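J.: This is model17.cif, which holds mmCIF, C-alpha atoms:
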data_input
#
loop_
_atom_site.label_atom_id
_atom_site.label_comp_id
_atom_site.auth_asym_id
_atom_site.auth_seq_id
_atom_site.Cartn_x
_atom_site.Cartn_y
_atom_site.Cartn_z
CA MET X 36 4.59 -62.80 70.29
CA THR X 37 6.00 -59.57 71.74
CA ARG X 38 4.13 -56.26 71.84
CA SER X 39 6.21 -54.88 68.94
CA GLU X 40 5.55 -58.03 66.89
CA ARG X 41 1.80 -57.78 67.56
CA ARG X 42 1.85 -54.14 66.52
CA ALA X 43 3.74 -54.91 63.30
CA SER X 44 1.36 -57.77 62.54
CA LEU X 45 -1.67 -55.54 63.16
CA LEU X 46 -0.34 -52.76 60.92
CA ALA X 47 0.43 -55.23 58.11
CA GLU X 48 -3.05 -56.74 58.40
CA LEU X 49 -4.69 -53.31 58.39
CA LYS X 50 -2.92 -52.49 55.12
CA ARG X 51 -4.06 -55.76 53.53
CA LYS X 52 -7.63 -55.42 54.76
CA GLY X 53 -7.75 -51.82 53.59
CA ILE X 54 -7.31 -53.16 50.07
CA HIS X 55 -9.70 -56.02 50.90
CA LEU X 56 -12.43 -53.48 51.65
CA SER X 57 -12.41 -52.44 48.00
CA GLY X 58 -14.73 -55.44 47.65
CA LEU X 59 -17.49 -53.25 49.09
CA SER X 60 -17.80 -51.95 45.53
CA VAL X 61 -19.52 -55.23 44.61
CA PRO X 62 -22.57 -54.92 46.91
CA ALA X 63 -22.63 -51.21 46.07
CA ALA X 64 -22.84 -52.07 42.36
CA ILE X 65 -25.70 -54.49 43.04
CA LEU X 66 -27.63 -51.93 45.08
CA LEU X 67 -27.08 -49.03 42.68
CA PHE X 68 -27.08 -50.65 39.24
CA GLY X 69 -28.57 -54.15 39.58
CA LYS X 70 -27.37 -57.71 39.24
CA ASP X 71 -26.50 -57.73 35.53
CA ALA X 72 -24.42 -54.57 35.76
CA ALA X 73 -22.63 -55.95 38.82
CA ILE X 74 -21.76 -59.14 36.93
CA GLY X 75 -20.29 -57.06 34.12
CA PHE X 76 -18.32 -54.92 36.58
CA VAL X 77 -16.87 -57.93 38.43
CA SER X 78 -16.10 -59.76 35.17
CA ALA X 79 -14.05 -56.79 33.97
CA ALA X 80 -12.25 -56.65 37.31
CA LEU X 81 -11.45 -60.37 37.06
CA ALA X 82 -9.99 -59.97 33.56
CA ALA X 83 -7.76 -57.15 34.81
CA ALA X 84 -6.74 -59.17 37.88
CA ILE X 85 -5.74 -62.18 35.78
CA LEU X 86 -3.47 -60.00 33.64
CA LEU X 87 -1.97 -58.36 36.74
CA GLU X 88 -1.44 -61.69 38.47
CA ARG X 89 0.26 -63.13 35.42
CA ALA X 90 2.64 -60.17 35.43
CA ARG X 91 3.30 -60.62 39.16
CA LEU X 92 4.02 -64.34 38.94
CA THR X 93 6.45 -63.77 36.06
CA GLY X 94 8.27 -61.08 38.03
CA MET X 95 7.18 -58.13 35.91
CA VAL X 96 5.43 -56.33 38.78
CA ARG X 97 5.49 -56.51 42.56
CA LEU X 98 2.45 -56.12 44.79
CA PRO X 99 3.33 -55.15 48.38
CA ALA X 100 0.08 -56.42 49.93
CA VAL X 101 0.62 -60.03 48.79
CA ARG X 102 1.45 -62.43 51.61
CA ASP X 103 4.79 -64.27 51.66
CA SER X 104 2.93 -67.58 51.33
CA GLU X 105 1.45 -66.35 48.03
CA ALA X 106 4.78 -65.43 46.44
CA LYS X 107 4.71 -68.34 43.98
CA ARG X 108 0.99 -69.07 43.78
CA VAL X 109 -2.17 -67.24 42.80
CA ALA X 110 -2.84 -64.53 45.36
CA GLY X 111 -5.98 -64.15 47.41
CA TYR X 112 -7.29 -61.09 45.60
CA VAL X 113 -7.90 -63.18 42.46
CA TYR X 114 -9.92 -65.72 44.44
CA TYR X 115 -11.75 -62.79 46.03
CA ILE X 116 -12.92 -61.55 42.63
CA VAL X 117 -13.80 -65.08 41.46
CA GLY X 118 -15.81 -65.58 44.66
CA ALA X 119 -17.55 -62.25 44.11
CA LEU X 120 -18.47 -63.12 40.53
CA LEU X 121 -19.89 -66.53 41.49
CA THR X 122 -21.79 -65.05 44.42
CA VAL X 123 -23.43 -62.32 42.35
CA ALA X 124 -24.27 -64.77 39.56
CA LEU X 125 -25.62 -67.61 41.72
CA PHE X 126 -27.68 -65.90 44.41
CA SER X 127 -30.52 -63.42 44.59
CA PRO X 128 -29.37 -59.78 44.95
CA PRO X 129 -30.22 -59.44 48.69
CA ILE X 130 -28.37 -62.65 49.56
CA ALA X 131 -25.43 -61.73 47.32
CA VAL X 132 -25.18 -58.33 49.04
CA ALA X 133 -25.20 -59.94 52.51
CA ALA X 134 -22.65 -62.62 51.52
CA MET X 135 -20.27 -60.07 49.98
CA LEU X 136 -20.54 -57.81 53.03
CA MET X 137 -19.69 -60.79 55.24
CA LEU X 138 -16.64 -61.43 53.08
CA SER X 139 -15.51 -57.80 52.94
CA LEU X 140 -16.17 -56.81 56.55
CA GLY X 141 -16.40 -60.13 58.40
CA ASP X 142 -13.14 -61.47 57.00
CA ALA X 143 -11.49 -58.09 57.64
CA ALA X 144 -12.59 -58.27 61.28
CA SER X 145 -11.24 -61.81 61.55
CA GLY X 146 -7.90 -60.79 60.09
CA ILE X 147 -7.53 -57.75 62.35
CA ILE X 148 -8.46 -59.67 65.51
CA GLY X 149 -6.31 -62.61 64.47
CA SER X 150 -3.28 -60.39 63.87
CA VAL X 151 -2.95 -59.89 67.64
CA VAL X 152 -4.29 -63.26 68.85
CA PRO X 153 -1.70 -66.09 68.86
CA GLY X 154 -2.50 -69.20 66.83
CA SER X 155 -4.70 -67.50 64.23
CA ALA X 156 -2.63 -68.29 61.12
CA VAL X 157 -4.13 -71.75 60.68
CA ARG X 158 -3.94 -71.76 56.88
CA VAL X 159 -0.19 -71.17 56.93
CA ARG X 160 0.22 -73.88 59.55
CA ILE X 161 -1.76 -76.37 57.51
CA LEU X 162 0.45 -75.63 54.51
CA GLU X 163 3.44 -76.30 56.77
CA GLY X 164 2.02 -79.70 57.73
CA GLU X 165 0.46 -78.96 61.11
CA ARG X 166 -2.91 -80.44 62.01
CA ARG X 167 -4.56 -77.53 63.79
CA ARG X 168 -7.60 -76.55 61.76
CA ARG X 169 -9.47 -73.96 63.83
CA LYS X 170 -8.82 -70.36 64.67
CA PRO X 171 -8.89 -69.35 68.36
CA LEU X 172 -12.33 -68.97 69.93
CA LEU X 173 -11.84 -65.22 70.42
CA VAL X 174 -11.40 -64.80 66.66
CA VAL X 175 -14.36 -67.09 65.93
CA ALA X 176 -16.64 -65.20 68.32
CA GLY X 177 -15.58 -61.82 66.96
CA THR X 178 -16.09 -62.90 63.37
CA PHE X 179 -19.56 -64.28 64.08
CA ALA X 180 -20.63 -61.13 65.94
CA VAL X 181 -19.50 -58.90 63.07
CA CYS X 182 -21.13 -61.12 60.43
CA LEU X 183 -24.41 -61.21 62.35
CA ALA X 184 -24.41 -57.40 62.60
CA ILE X 185 -23.66 -57.26 58.87
CA GLY X 186 -26.61 -59.54 58.17
CA TYR X 187 -28.90 -57.22 60.10
CA ALA X 188 -27.55 -54.20 58.20
CA ALA X 189 -28.08 -56.04 54.91
CA SER X 190 -31.71 -56.73 55.87
CA LEU X 191 -32.21 -52.98 56.29
CA LEU X 192 -30.67 -52.37 52.87
CA GLU X 193 -32.99 -55.01 51.43
CA GLY X 194 -36.04 -53.11 52.57
CA THR X 195 -34.70 -49.89 51.03
CA TYR X 196 -33.37 -51.11 47.68
CA PHE X 197 -35.41 -54.18 46.76
CA SER X 198 -39.14 -54.59 46.27
CA GLY X 199 -41.19 -57.65 47.14
CA PRO X 200 -41.10 -59.87 50.22
CA GLY X 201 -37.81 -59.82 52.07
CA VAL X 202 -35.66 -62.92 52.41
CA LEU X 203 -33.11 -61.70 55.00
CA SER X 204 -34.94 -62.67 58.17
CA LEU X 205 -33.11 -62.95 61.49
CA LEU X 206 -32.87 -66.72 61.02
CA VAL X 207 -31.46 -66.37 57.50
CA CYS X 208 -28.89 -63.81 58.64
CA THR X 209 -27.88 -65.96 61.62
CA VAL X 210 -27.40 -69.01 59.41
CA GLY X 211 -25.39 -66.93 56.94
CA ALA X 212 -23.20 -65.49 59.69
CA ALA X 213 -22.56 -68.99 61.08
CA ALA X 214 -21.61 -70.30 57.63
CA ALA X 215 -19.27 -67.36 56.96
CA THR X 216 -17.64 -67.82 60.37
CA PHE X 217 -17.23 -71.55 59.76
CA ALA X 218 -15.57 -70.94 56.39
CA ASP X 219 -13.18 -68.46 57.99
CA ALA X 220 -12.38 -70.44 61.13
CA PHE X 221 -12.10 -73.95 59.67
CA PRO X 222 -9.98 -73.89 56.48
CA LEU X 223 -11.21 -76.37 53.88
CA THR X 224 -8.65 -78.49 52.07
CA PHE X 225 -8.77 -80.26 48.73
CA ARG X 226 -6.09 -82.78 47.77
CA GLY X 227 -3.81 -81.43 50.44
CA LYS X 228 -4.23 -77.81 49.43
CA VAL X 229 -6.07 -75.14 51.39
CA VAL X 230 -9.08 -73.67 49.58
CA ASP X 231 -8.87 -69.87 49.72
CA ASP X 232 -11.49 -68.45 52.09
CA ASN X 233 -12.18 -65.61 49.66
CA LEU X 234 -14.03 -68.32 47.75
CA THR X 235 -15.53 -70.29 50.62
CA ILE X 236 -16.84 -67.41 52.76
CA PRO X 237 -19.25 -65.83 50.25
CA LEU X 238 -20.25 -69.11 48.60
CA LEU X 239 -20.95 -71.01 51.83
CA SER X 240 -22.73 -68.10 53.48
CA GLY X 241 -24.73 -67.38 50.32
CA ALA X 242 -25.73 -71.03 49.91
CA ALA X 243 -26.68 -71.31 53.58
CA MET X 244 -28.85 -68.19 53.41
CA ALA X 245 -30.49 -69.34 50.17
CA VAL X 246 -31.41 -72.71 51.72
CA ALA X 247 -32.61 -71.10 54.96
CA ALA X 248 -34.75 -68.61 53.02
CA LEU X 249 -36.22 -71.42 50.91
CA LEU X 250 -37.06 -73.56 53.92
CA GLY X 251 -38.55 -70.58 55.73
CA SER X 252 -40.80 -69.49 52.87
#
Can you present the structure in this file as C-alpha coordinates?
T.:
Amino acid sequence: MTRSERRASLLAELKRKGIHLSGLSVPAAILLFGKDAAIGFVSAALAAAILLERARLTGMVRLPAVRDSEAKRVAGYVYYIVGALLTVALFSPPIAVAAMLMLSLGDAASGIIGSVVPGSAVRVRILEGERRRRKPLLVVAGTFAVCLAIGYAASLLEGTYFSGPGVLSLLVCTVGAAAATFADAFPLTFRGKVVDDNLTIPLLSGAAMAVAALLGS
(Lines of atoms letter the chains of each structure in order from A and count residues from 1; the text may use other names and numbers.)
(Lines give C-alpha, C1' and ligand atoms only; values in the text may rest on other atoms or scores of the structure.)
Protein backbone atom coordinates (compact mmCIF):
# COMPACT_ATOMS: atom_id res chain seq x y z
CA MET A 1 0.00 0.00 0.00
CA THR A 2 1.46 3.35 -1.08
CA ARG A 3 1.41 6.49 1.05
CA SER A 4 -1.40 8.01 -1.05
CA GLU A 5 -3.43 4.79 -0.74
CA ARG A 6 -2.94 4.74 3.04
CA ARG A 7 -4.04 8.36 3.24
CA ALA A 8 -7.15 7.71 1.14
CA SER A 9 -7.97 4.65 3.24
CA LEU A 10 -7.54 6.64 6.46
CA LEU A 11 -9.76 9.49 5.26
CA ALA A 12 -12.49 7.05 4.16
CA GLU A 13 -12.34 5.27 7.52
CA LEU A 14 -12.48 8.56 9.42
CA LYS A 15 -15.68 9.48 7.57
CA ARG A 16 -17.27 6.11 8.36
CA LYS A 17 -16.21 6.17 12.00
CA GLY A 18 -17.45 9.73 12.36
CA ILE A 19 -20.92 8.39 11.64
CA HIS A 20 -20.15 5.36 13.83
CA LEU A 21 -19.57 7.67 16.79
CA SER A 22 -23.23 8.66 16.68
CA GLY A 23 -23.64 5.48 18.73
CA LEU A 24 -22.37 7.47 21.72
CA SER A 25 -25.96 8.69 21.97
CA VAL A 26 -26.90 5.27 23.37
CA PRO A 27 -24.76 5.37 26.55
CA ALA A 28 -25.66 9.04 26.86
CA ALA A 29 -29.36 8.12 26.82
CA ILE A 30 -28.78 5.49 29.51
CA LEU A 31 -26.88 7.91 31.73
CA LEU A 32 -29.29 10.82 31.30
CA PHE A 33 -32.70 9.15 31.01
CA GLY A 34 -32.37 5.56 32.23
CA LYS A 35 -32.60 2.09 30.73
CA ASP A 36 -36.26 2.10 29.69
CA ALA A 37 -35.99 5.42 27.88
CA ALA A 38 -32.83 4.23 26.13
CA ILE A 39 -34.62 1.09 24.92
CA GLY A 40 -37.39 3.25 23.48
CA PHE A 41 -34.87 5.57 21.82
CA VAL A 42 -32.91 2.72 20.22
CA SER A 43 -36.10 0.91 19.15
CA ALA A 44 -37.25 4.02 17.29
CA ALA A 45 -33.83 4.35 15.67
CA LEU A 46 -33.99 0.70 14.57
CA ALA A 47 -37.42 1.17 12.97
CA ALA A 48 -36.11 4.18 11.04
CA ALA A 49 -32.97 2.29 10.01
CA ILE A 50 -34.97 -0.66 8.67
CA LEU A 51 -37.03 1.67 6.48
CA LEU A 52 -33.89 3.47 5.27
CA GLU A 53 -32.08 0.22 4.56
CA ARG A 54 -35.02 -1.13 2.60
CA ALA A 55 -34.96 2.02 0.47
CA ARG A 56 -31.19 1.67 -0.04
CA LEU A 57 -31.32 -1.98 -1.07
CA THR A 58 -34.08 -1.25 -3.58
CA GLY A 59 -32.08 1.60 -5.08
CA MET A 60 -34.30 4.43 -3.86
CA VAL A 61 -31.54 6.12 -1.84
CA ARG A 62 -27.76 5.99 -1.73
CA LEU A 63 -25.69 6.16 1.44
CA PRO A 64 -22.07 7.24 0.81
CA ALA A 65 -20.65 5.74 4.02
CA VAL A 66 -21.71 2.17 3.14
CA ARG A 67 -18.82 -0.13 2.25
CA ASP A 68 -18.57 -1.69 -1.21
CA SER A 69 -18.94 -5.14 0.36
CA GLU A 70 -22.33 -4.08 1.77
CA ALA A 71 -23.77 -2.91 -1.55
CA LYS A 72 -26.18 -5.85 -1.83
CA ARG A 73 -26.55 -6.88 1.81
CA VAL A 74 -27.71 -5.32 5.05
CA ALA A 75 -25.22 -2.64 6.05
CA GLY A 76 -23.33 -2.49 9.31
CA TYR A 77 -25.25 0.43 10.78
CA VAL A 78 -28.38 -1.74 11.06
CA TYR A 79 -26.45 -4.41 12.97
CA TYR A 80 -25.00 -1.62 15.10
CA ILE A 81 -28.47 -0.52 16.20
CA VAL A 82 -29.62 -4.13 16.74
CA GLY A 83 -26.51 -4.75 18.85
CA ALA A 84 -27.19 -1.58 20.83
CA LEU A 85 -30.80 -2.56 21.50
CA LEU A 86 -29.86 -6.06 22.69
CA THR A 87 -27.04 -4.70 24.83
CA VAL A 88 -29.23 -2.14 26.59
CA ALA A 89 -32.02 -4.69 27.09
CA LEU A 90 -29.87 -7.60 28.32
CA PHE A 91 -27.31 -6.03 30.63
CA SER A 92 -27.31 -3.78 33.66
CA PRO A 93 -26.95 -0.06 32.83
CA PRO A 94 -23.26 0.26 33.89
CA ILE A 95 -22.26 -2.77 31.83
CA ALA A 96 -24.37 -1.65 28.87
CA VAL A 97 -22.69 1.78 28.97
CA ALA A 98 -19.21 0.22 29.03
CA ALA A 99 -20.03 -2.26 26.23
CA MET A 100 -21.50 0.45 23.99
CA LEU A 101 -18.51 2.72 24.58
CA MET A 102 -16.21 -0.15 23.61
CA LEU A 103 -18.21 -0.57 20.41
CA SER A 104 -18.36 3.14 19.57
CA LEU A 105 -14.79 4.12 20.48
CA GLY A 106 -12.91 0.82 20.53
CA ASP A 107 -14.13 -0.27 17.11
CA ALA A 108 -13.47 3.23 15.77
CA ALA A 109 -9.88 3.01 17.03
CA SER A 110 -9.49 -0.41 15.42
CA GLY A 111 -10.81 0.87 12.10
CA ILE A 112 -8.59 3.95 12.08
CA ILE A 113 -5.44 2.00 13.01
CA GLY A 114 -6.33 -0.77 10.58
CA SER A 115 -6.83 1.68 7.72
CA VAL A 116 -3.06 2.25 7.60
CA VAL A 117 -1.85 -1.20 8.73
CA PRO A 118 -1.67 -3.80 5.93
CA GLY A 119 -3.68 -7.00 6.37
CA SER A 120 -6.42 -5.51 8.58
CA ALA A 121 -9.41 -6.17 6.30
CA VAL A 122 -9.86 -9.74 7.50
CA ARG A 123 -13.64 -9.79 7.13
CA VAL A 124 -13.44 -8.90 3.45
CA ARG A 125 -10.75 -11.53 2.94
CA ILE A 126 -12.84 -14.21 4.62
CA LEU A 127 -15.75 -13.32 2.33
CA GLU A 128 -13.34 -13.72 -0.59
CA GLY A 129 -12.39 -17.21 0.60
CA GLU A 130 -9.10 -16.55 2.38
CA ARG A 131 -8.33 -18.29 5.65
CA ARG A 132 -6.68 -15.50 7.62
CA ARG A 133 -8.87 -14.80 10.63
CA ARG A 134 -6.93 -12.34 12.79
CA LYS A 135 -6.12 -8.69 12.47
CA PRO A 136 -2.45 -7.64 12.80
CA LEU A 137 -1.05 -7.52 16.33
CA LEU A 138 -0.60 -3.74 16.17
CA VAL A 139 -4.35 -3.33 15.58
CA VAL A 140 -5.17 -5.86 18.31
CA ALA A 141 -2.93 -4.13 20.85
CA GLY A 142 -4.29 -0.69 19.99
CA THR A 143 -7.89 -1.86 20.25
CA PHE A 144 -7.31 -3.50 23.62
CA ALA A 145 -5.56 -0.43 25.03
CA VAL A 146 -8.41 1.85 23.94
CA CYS A 147 -11.09 -0.52 25.27
CA LEU A 148 -9.32 -0.86 28.61
CA ALA A 149 -9.13 2.94 28.93
CA ILE A 150 -12.82 3.09 28.01
CA GLY A 151 -13.62 0.57 30.74
CA TYR A 152 -11.84 2.73 33.29
CA ALA A 153 -13.73 5.82 32.10
CA ALA A 154 -17.01 3.90 32.33
CA SER A 155 -16.20 2.93 35.92
CA LEU A 156 -15.88 6.64 36.75
CA LEU A 157 -19.23 7.33 35.10
CA GLU A 158 -20.73 4.49 37.12
CA GLY A 159 -19.77 6.16 40.37
CA THR A 160 -21.29 9.45 39.22
CA TYR A 161 -24.56 8.30 37.63
CA PHE A 162 -25.52 5.06 39.38
CA SER A 163 -26.18 4.35 43.04
CA GLY A 164 -25.36 1.15 44.88
CA PRO A 165 -22.24 -1.02 44.76
CA GLY A 166 -20.23 -0.68 41.58
CA VAL A 167 -19.74 -3.60 39.20
CA LEU A 168 -17.06 -2.14 36.89
CA SER A 169 -13.97 -3.22 38.78
CA LEU A 170 -10.55 -3.31 37.10
CA LEU A 171 -10.96 -7.05 36.53
CA VAL A 172 -14.41 -6.63 34.98
CA CYS A 173 -13.19 -3.85 32.69
CA THR A 174 -10.13 -5.88 31.66
CA VAL A 175 -12.27 -8.91 30.83
CA GLY A 176 -14.68 -6.71 28.87
CA ALA A 177 -11.84 -5.06 26.94
CA ALA A 178 -10.37 -8.47 26.09
CA ALA A 179 -13.75 -9.75 24.87
CA ALA A 180 -14.36 -6.64 22.75
CA THR A 181 -10.87 -6.92 21.25
CA PHE A 182 -11.39 -10.62 20.51
CA ALA A 183 -14.70 -9.92 18.75
CA ASP A 184 -13.03 -7.23 16.65
CA ALA A 185 -9.82 -9.10 15.84
CA PHE A 186 -11.21 -12.60 15.21
CA PRO A 187 -14.30 -12.40 12.95
CA LEU A 188 -16.91 -15.01 13.86
CA THR A 189 -18.56 -16.94 11.04
CA PHE A 190 -21.87 -18.76 10.86
CA ARG A 191 -22.67 -21.07 7.95
CA GLY A 192 -19.91 -19.50 5.91
CA LYS A 193 -21.01 -15.94 6.58
CA VAL A 194 -19.17 -13.40 8.72
CA VAL A 195 -21.15 -12.20 11.74
CA ASP A 196 -21.06 -8.40 11.85
CA ASP A 197 -18.84 -7.16 14.68
CA ASN A 198 -21.34 -4.42 15.47
CA LEU A 199 -23.30 -7.29 17.01
CA THR A 200 -20.47 -9.34 18.49
CA ILE A 201 -18.43 -6.55 20.12
CA PRO A 202 -21.08 -5.20 22.53
CA LEU A 203 -22.72 -8.57 23.18
CA LEU A 204 -19.50 -10.48 23.88
CA SER A 205 -17.98 -7.70 25.96
CA GLY A 206 -21.25 -7.19 27.86
CA ALA A 207 -21.65 -10.91 28.55
CA ALA A 208 -18.02 -11.22 29.65
CA MET A 209 -18.34 -8.29 32.05
CA ALA A 210 -21.63 -9.61 33.43
CA VAL A 211 -20.08 -13.02 34.15
CA ALA A 212 -16.92 -11.47 35.64
CA ALA A 213 -19.00 -9.19 37.87
CA LEU A 214 -21.13 -12.13 39.00
CA LEU A 215 -18.12 -14.29 39.81
CA GLY A 216 -16.43 -11.42 41.63
CA SER A 217 -19.42 -10.55 43.81
J.: What gap, in Å, lies between CA of Gly194 in chain X and CA of Gly211 in chain X?
T.: 18.0 Å
J.: Quick one: apply the PyMOL selection byres ((chain X and resi 130) around 10) to the file and drop the selected residues here as an MDAnalysis selection string.
T.: chainID X and resid 122:123 125:129 131:136 186 189:190 193 202:203 207:208 211 237 240:245 248
J.: Name the closest residue to Leu138 in chain X among the candidates X:Ala83, X:Ser150, X:Gly251, X:Gly118; distances are taken between atoms, counting all atoms listed in the file.
T.: X:Gly118
J.: How many Å separate CA of Ile74 in chain X from CA of Tyr114 in chain X?
T.: 15.5 Å
J.: Check what the PyMOL selection byres ((chain X and resi 221-227) around 7) selects in the file above and give those residues as an mmCIF file with C-alpha atoms, in the frame of the given file.
T.:
data_model
loop_
_atom_site.group_PDB
_atom_site.id
_atom_site.type_symbol
_atom_site.label_atom_id
_atom_site.label_comp_id
_atom_site.auth_asym_id
_atom_site.auth_seq_id
_atom_site.Cartn_x
_atom_site.Cartn_y
_atom_site.Cartn_z
ATOM 1 C CA ARG X 158 -3.940 -71.760 56.880
ATOM 2 C CA ARG X 168 -7.600 -76.550 61.760
ATOM 3 C CA ARG X 169 -9.470 -73.960 63.830
ATOM 4 C CA LYS X 170 -8.820 -70.360 64.670
ATOM 5 C CA PHE X 217 -17.230 -71.550 59.760
ATOM 6 C CA ALA X 218 -15.570 -70.940 56.390
ATOM 7 C CA ASP X 219 -13.180 -68.460 57.990
ATOM 8 C CA ALA X 220 -12.380 -70.440 61.130
ATOM 9 C CA LYS X 228 -4.230 -77.810 49.430
ATOM 10 C CA VAL X 229 -6.070 -75.140 51.390
ATOM 11 C CA VAL X 230 -9.080 -73.670 49.580
#
J.: List the neighbours of range 173-179 of chain X out to 8 Å using only C-alpha atoms; skip same-chain residues closer than 2 positions along the sequence, and give me the result as a PDB file with C-alpha atoms, in the coordinates of the input.
T.:
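Output below, filename selection.pdb:
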ATOM      1  CA  GLY X 141     -16.400 -60.130  58.400  1.00  0.00           C
ATOM      2  CA  ASP X 142     -13.140 -61.470  57.000  1.00  0.00           C
ATOM      3  CA  ALA X 144     -12.590 -58.270  61.280  1.00  0.00           C
ATOM      4  CA  SER X 145     -11.240 -61.810  61.550  1.00  0.00           C
ATOM      5  CA  ILE X 148      -8.460 -59.670  65.510  1.00  0.00           C
ATOM      6  CA  GLY X 149      -6.310 -62.610  64.470  1.00  0.00           C
ATOM      7  CA  VAL X 152      -4.290 -63.260  68.850  1.00  0.00           C
ATOM      8  CA  SER X 155      -4.700 -67.500  64.230  1.00  0.00           C
ATOM      9  CA  LYS X 170      -8.820 -70.360  64.670  1.00  0.00           C
ATOM     10  CA  PRO X 171      -8.890 -69.350  68.360  1.00  0.00           C
ATOM     11  CA  VAL X 181     -19.500 -58.900  63.070  1.00  0.00           C
ATOM     12  CA  CYS X 182     -21.130 -61.120  60.430  1.00  0.00           C
ATOM     13  CA  LEU X 183     -24.410 -61.210  62.350  1.00  0.00           C
ATOM     14  CA  ALA X 212     -23.200 -65.490  59.690  1.00  0.00           C
ATOM     15  CA  ALA X 213     -22.560 -68.990  61.080  1.00  0.00           C
ATOM     16  CA  ALA X 215     -19.270 -67.360  56.960  1.00  0.00           C
ATOM     17  CA  THR X 216     -17.640 -67.820  60.370  1.00  0.00           C
ATOM     18  CA  ALA X 220     -12.380 -70.440  61.130  1.00  0.00           C
TER      19      ALA X 220
END
J.: Restricting the calculation to all atoms listed in the file, which member of X:Ala82, X:Thr93, X:Leu206, X:Gly69 is positioned closest to Val246 in chain X?
T.: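 Of X:Ala82, X:Thr93, X:Leu206, X:Gly69, the one nearest Val246 in chain X is X:Leu206, counting all atoms listed in the file.
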J.: Can you complete the atoms of range 113-141 of chain X to N, CA and C atoms and list them as an mmCIF file, keeping the file's coordinate frame?
T.:
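Output contents, as saved in result-v2.cif:
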data_model
loop_
_atom_site.group_PDB
_atom_site.id
_atom_site.type_symbol
_atom_site.label_atom_id
_atom_site.label_comp_id
_atom_site.auth_asym_id
_atom_site.auth_seq_id
_atom_site.Cartn_x
_atom_site.Cartn_y
_atom_site.Cartn_z
ATOM 1 N N VAL X 113 -7.284 -62.562 43.649
ATOM 2 C CA VAL X 113 -7.900 -63.180 42.460
ATOM 3 C C VAL X 113 -9.058 -64.072 42.885
ATOM 4 N N TYR X 114 -8.842 -64.874 43.929
ATOM 5 C CA TYR X 114 -9.920 -65.720 44.440
ATOM 6 C C TYR X 114 -11.070 -64.864 44.972
ATOM 7 N N TYR X 115 -10.732 -63.715 45.529
ATOM 8 C CA TYR X 115 -11.750 -62.790 46.030
ATOM 9 C C TYR X 115 -12.689 -62.378 44.889
ATOM 10 N N ILE X 116 -12.107 -62.008 43.758
ATOM 11 C CA ILE X 116 -12.920 -61.550 42.630
ATOM 12 C C ILE X 116 -13.703 -62.709 42.024
ATOM 13 N N VAL X 117 -13.084 -63.902 41.949
ATOM 14 C CA VAL X 117 -13.800 -65.080 41.460
ATOM 15 C C VAL X 117 -14.981 -65.391 42.383
ATOM 16 N N GLY X 118 -14.734 -65.349 43.703
ATOM 17 C CA GLY X 118 -15.810 -65.580 44.660
ATOM 18 C C GLY X 118 -16.922 -64.563 44.527
ATOM 19 N N ALA X 119 -16.545 -63.307 44.290
ATOM 20 C CA ALA X 119 -17.550 -62.250 44.110
ATOM 21 C C ALA X 119 -18.391 -62.505 42.870
ATOM 22 N N LEU X 120 -17.743 -62.882 41.775
ATOM 23 C CA LEU X 120 -18.470 -63.120 40.530
ATOM 24 C C LEU X 120 -19.454 -64.282 40.682
ATOM 25 N N LEU X 121 -19.007 -65.376 41.293
ATOM 26 C CA LEU X 121 -19.890 -66.530 41.490
ATOM 27 C C LEU X 121 -21.039 -66.184 42.424
ATOM 28 N N THR X 122 -20.755 -65.420 43.454
ATOM 29 C CA THR X 122 -21.790 -65.050 44.420
ATOM 30 C C THR X 122 -22.867 -64.190 43.779
ATOM 31 N N VAL X 123 -22.456 -63.193 43.016
ATOM 32 C CA VAL X 123 -23.430 -62.320 42.350
ATOM 33 C C VAL X 123 -24.241 -63.101 41.323
ATOM 34 N N ALA X 124 -23.584 -64.020 40.606
ATOM 35 C CA ALA X 124 -24.270 -64.770 39.560
ATOM 36 C C ALA X 124 -25.223 -65.828 40.112
ATOM 37 N N LEU X 125 -24.861 -66.454 41.230
ATOM 38 C CA LEU X 125 -25.620 -67.610 41.720
ATOM 39 C C LEU X 125 -26.791 -67.255 42.629
ATOM 40 N N PHE X 126 -26.684 -66.173 43.377
ATOM 41 C CA PHE X 126 -27.680 -65.900 44.410
ATOM 42 C C PHE X 126 -28.523 -64.669 44.089
ATOM 43 N N SER X 127 -29.661 -64.591 44.752
ATOM 44 C CA SER X 127 -30.520 -63.420 44.590
ATOM 45 C C SER X 127 -29.772 -62.186 45.088
ATOM 46 N N PRO X 128 -30.096 -60.997 44.558
ATOM 47 C CA PRO X 128 -29.370 -59.780 44.950
ATOM 48 C C PRO X 128 -29.281 -59.549 46.463
ATOM 49 N N PRO X 129 -30.368 -59.688 47.241
ATOM 50 C CA PRO X 129 -30.220 -59.440 48.690
ATOM 51 C C PRO X 129 -29.237 -60.396 49.352
ATOM 52 N N ILE X 130 -29.284 -61.668 48.965
ATOM 53 C CA ILE X 130 -28.370 -62.650 49.560
ATOM 54 C C ILE X 130 -26.945 -62.393 49.093
ATOM 55 N N ALA X 131 -26.766 -62.032 47.823
ATOM 56 C CA ALA X 131 -25.430 -61.730 47.320
ATOM 57 C C ALA X 131 -24.833 -60.527 48.047
ATOM 58 N N VAL X 132 -25.647 -59.504 48.302
ATOM 59 C CA VAL X 132 -25.180 -58.330 49.040
ATOM 60 C C VAL X 132 -24.720 -58.735 50.439
ATOM 61 N N ALA X 133 -25.546 -59.517 51.145
ATOM 62 C CA ALA X 133 -25.200 -59.940 52.510
ATOM 63 C C ALA X 133 -23.930 -60.790 52.507
ATOM 64 N N ALA X 134 -23.824 -61.733 51.569
ATOM 65 C CA ALA X 134 -22.650 -62.620 51.520
ATOM 66 C C ALA X 134 -21.378 -61.836 51.226
ATOM 67 N N MET X 135 -21.458 -60.862 50.313
ATOM 68 C CA MET X 135 -20.270 -60.070 49.980
ATOM 69 C C MET X 135 -19.884 -59.139 51.129
ATOM 70 N N LEU X 136 -20.855 -58.631 51.861
ATOM 71 C CA LEU X 136 -20.540 -57.810 53.030
ATOM 72 C C LEU X 136 -19.863 -58.655 54.106
ATOM 73 N N MET X 137 -20.315 -59.901 54.260
ATOM 74 C CA MET X 137 -19.690 -60.790 55.240
ATOM 75 C C MET X 137 -18.252 -61.109 54.837
ATOM 76 N N LEU X 138 -18.014 -61.216 53.530
ATOM 77 C CA LEU X 138 -16.640 -61.430 53.080
ATOM 78 C C LEU X 138 -15.803 -60.174 53.305
ATOM 79 N N SER X 139 -16.284 -59.037 52.870
ATOM 80 C CA SER X 139 -15.510 -57.800 52.940
ATOM 81 C C SER X 139 -15.244 -57.362 54.382
ATOM 82 N N LEU X 140 -16.291 -57.335 55.195
ATOM 83 C CA LEU X 140 -16.170 -56.810 56.550
ATOM 84 C C LEU X 140 -15.919 -57.899 57.591
ATOM 85 N N GLY X 141 -16.586 -59.045 57.438
ATOM 86 C CA GLY X 141 -16.400 -60.130 58.400
ATOM 87 C C GLY X 141 -14.990 -60.701 58.344
#
